[in-house]
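**Student:** First, the structure itself, so that you have it in front of you.
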Amino acid sequence: MVKKQSYTVLARKYRPQGFAELLGQPAVSTTLRNALTAKRLHHAYLFTGPRGVGKTTMARILAKALNCVNGPTPEPCGDCDPCREIAASSCLDVLELDAASNSSVDNVRQMIIETVWLAPSRDRYKVFIIDEAHMLSNTAFNALLKTLEEPPPRVAFILATTESAKVPPTIASRCQRVKFRPVPVELLAKHLAALAKKEQIDAEPAALELLARSAEGSLRDAVSLLDQGHSAGGAKLTEELVREMFGFVAQELLLGVGQALAARDAKSLASWLKRAYEEGVEPAQLLRDLRAALEAVYLEKLGLESTLEPLWKPVADALSAETAS
């Protein structure tokens with residue numbers, strides 16, 4: 001009997017495996033690759049930025065770069081035992097601690113303090129990756145501080161956090177800070193289109209743009225939303241389906257509100273808002289979608305490149321650049 005292969009979610013299937021593959025973080029990739037080329041490596045890094053932009057993924061790529069048989073190298077091969085094991089999170093010399101669920105001083109002592117002075121079992125570096133580092137307790141940070149001050153040779157720490165302000169200054173000052181940024185909507189939409197093509201998903205460009213905008217700069221969220229949309233819509237992913245699935249405001253309703261605002265028609269605006277209430281539209285979602293639509297109108301009036309949809313052309317024609325702002 002042939003065992004059926006389990007499904008791998010797209011976010012895992014297409015997780016970047018090299019510096020050049022990480023989307024939307026060129027400055028981060030360049031900084032780390034230059035450091036590897038020049039052999040000017042810091043013993044501790046603090047990766048900061050919003051969720052889902054590649055902090056943990058980049059930590060694993062850096063671990064591969066340090067321990068690849070050809071390394072330290074800015075181009076890890078991906079084929080040697082260290083590279084494959086790090087990608088699979090099974091390498092004995094690359095230890096990952098999820099501080100969200102292991103925040104106590106005992107967790108830090110057991111996983112880091114008591115093992116940090118032991119030589120790597122096989123690889124060049126022993127790498128400690130601490131995800132959601134800001135969740136560590138004060139006593140855990142204090143226990144870690146001495147090791148960060150005087151680390152043993154061939155040890156690298158990579159702390160990843162979405163809330164850098166919660167990391168004590170004593171810890172942050174001993175790390176090289178690397179800032180990750182939200183991925184632009186245009187880049188996310190282009191990436192989703194490439195993935196849809198690989199997965200043979202017939203997706204409308206407008207649907208992919210909606211997914212990209214909903215992800216709010218998170219690459220992981222954007223890919224996960226594409227996965228969900230594919231599961232619900234089968235081979236065809238339409239704008240209408242995406243709006244219905246994820247609670248986006250219907251285009252007709254959004255356009256009605258936009259036209260009423262452009263015409264300064266309070267009566268019409270009240271009518272459209274009443275309809276939004278009756279249809280159960282969330283006010284916050286209405287404001288987010290309206291802002292995105294009016295932003296495209298504003299860019300159009302400035303003569304800049306925009307993603308203005310044809311339906312919104314009458315709204316743009318009725319406004320000047322000053323009133324659109």
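In the structure tokens, the first chain shown is A, the next is B, and so on; residue numbers restart at 1 for each chain, and ligands run from 1 in the order shown.
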Each residue of stretch 213-303 of chain A lying at most 8 Å from stretch 8-31 of chain A should get a row with its shortest atom-to-atom pair and the distance in Å to one decimal, counting only C-alpha atoms; could you produce that, ordered by chain and increasing number, as a tab-separated table?

**Tutor:**
```
residue	atom	partner	partner_atom	distance
A:Leu219	CA	A:Leu23	CA	7.7
A:Arg220	CA	A:Ala11	CA	6.0
A:Val223	CA	A:Ala11	CA	5.7
A:Ser224	CA	A:Ala11	CA	6.1
A:Asp227	CA	A:Leu10	CA	6.3
```

**Student:** Expressed in Å to a single decimal, how great is the separation between atom CA of A:Ala35 and atom CA of A:Glu75?

**Tutor:**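 Going from atom CA of A:Ala35 over to atom CA of A:Glu75 covers 12.3 Å.
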
**Student:** Could you work out how far atom CA of A:Asp106 lies from atom CA of A:Leu41, giving the answer in Å with one decimal?

**Tutor:**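 Between these atoms lies a distance of 29.0 Å.
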
**Student:** If you run DSSP on the backbone here, which positions in stretch 31-209 of chain A get strand (DSSP E or B)? Please write them as a list in words.

**Tutor:**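 Restricting stretch 31-209 of chain A to strand (DSSP E or B) produces Ala44, Tyr45, Leu46, Phe47, Thr48, Val94, Leu95, Glu96, Leu97, Asp98, Lys126, Val127, Phe128, Ile129, Ile130, Asp131, Val155, Ala156, Phe157, Ile158, Leu159, Ala160, Thr161, Gln176, Arg177, Val178, Lys179, Asp202 and Ala203 of chain A.
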
**Student:** Separation of atom CA of A:Thr139 and atom CA of A:Arg109, in Å?

**Tutor:**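 Between atom CA of A:Thr139 and atom CA of A:Arg109 the gap is 10.4 Å.
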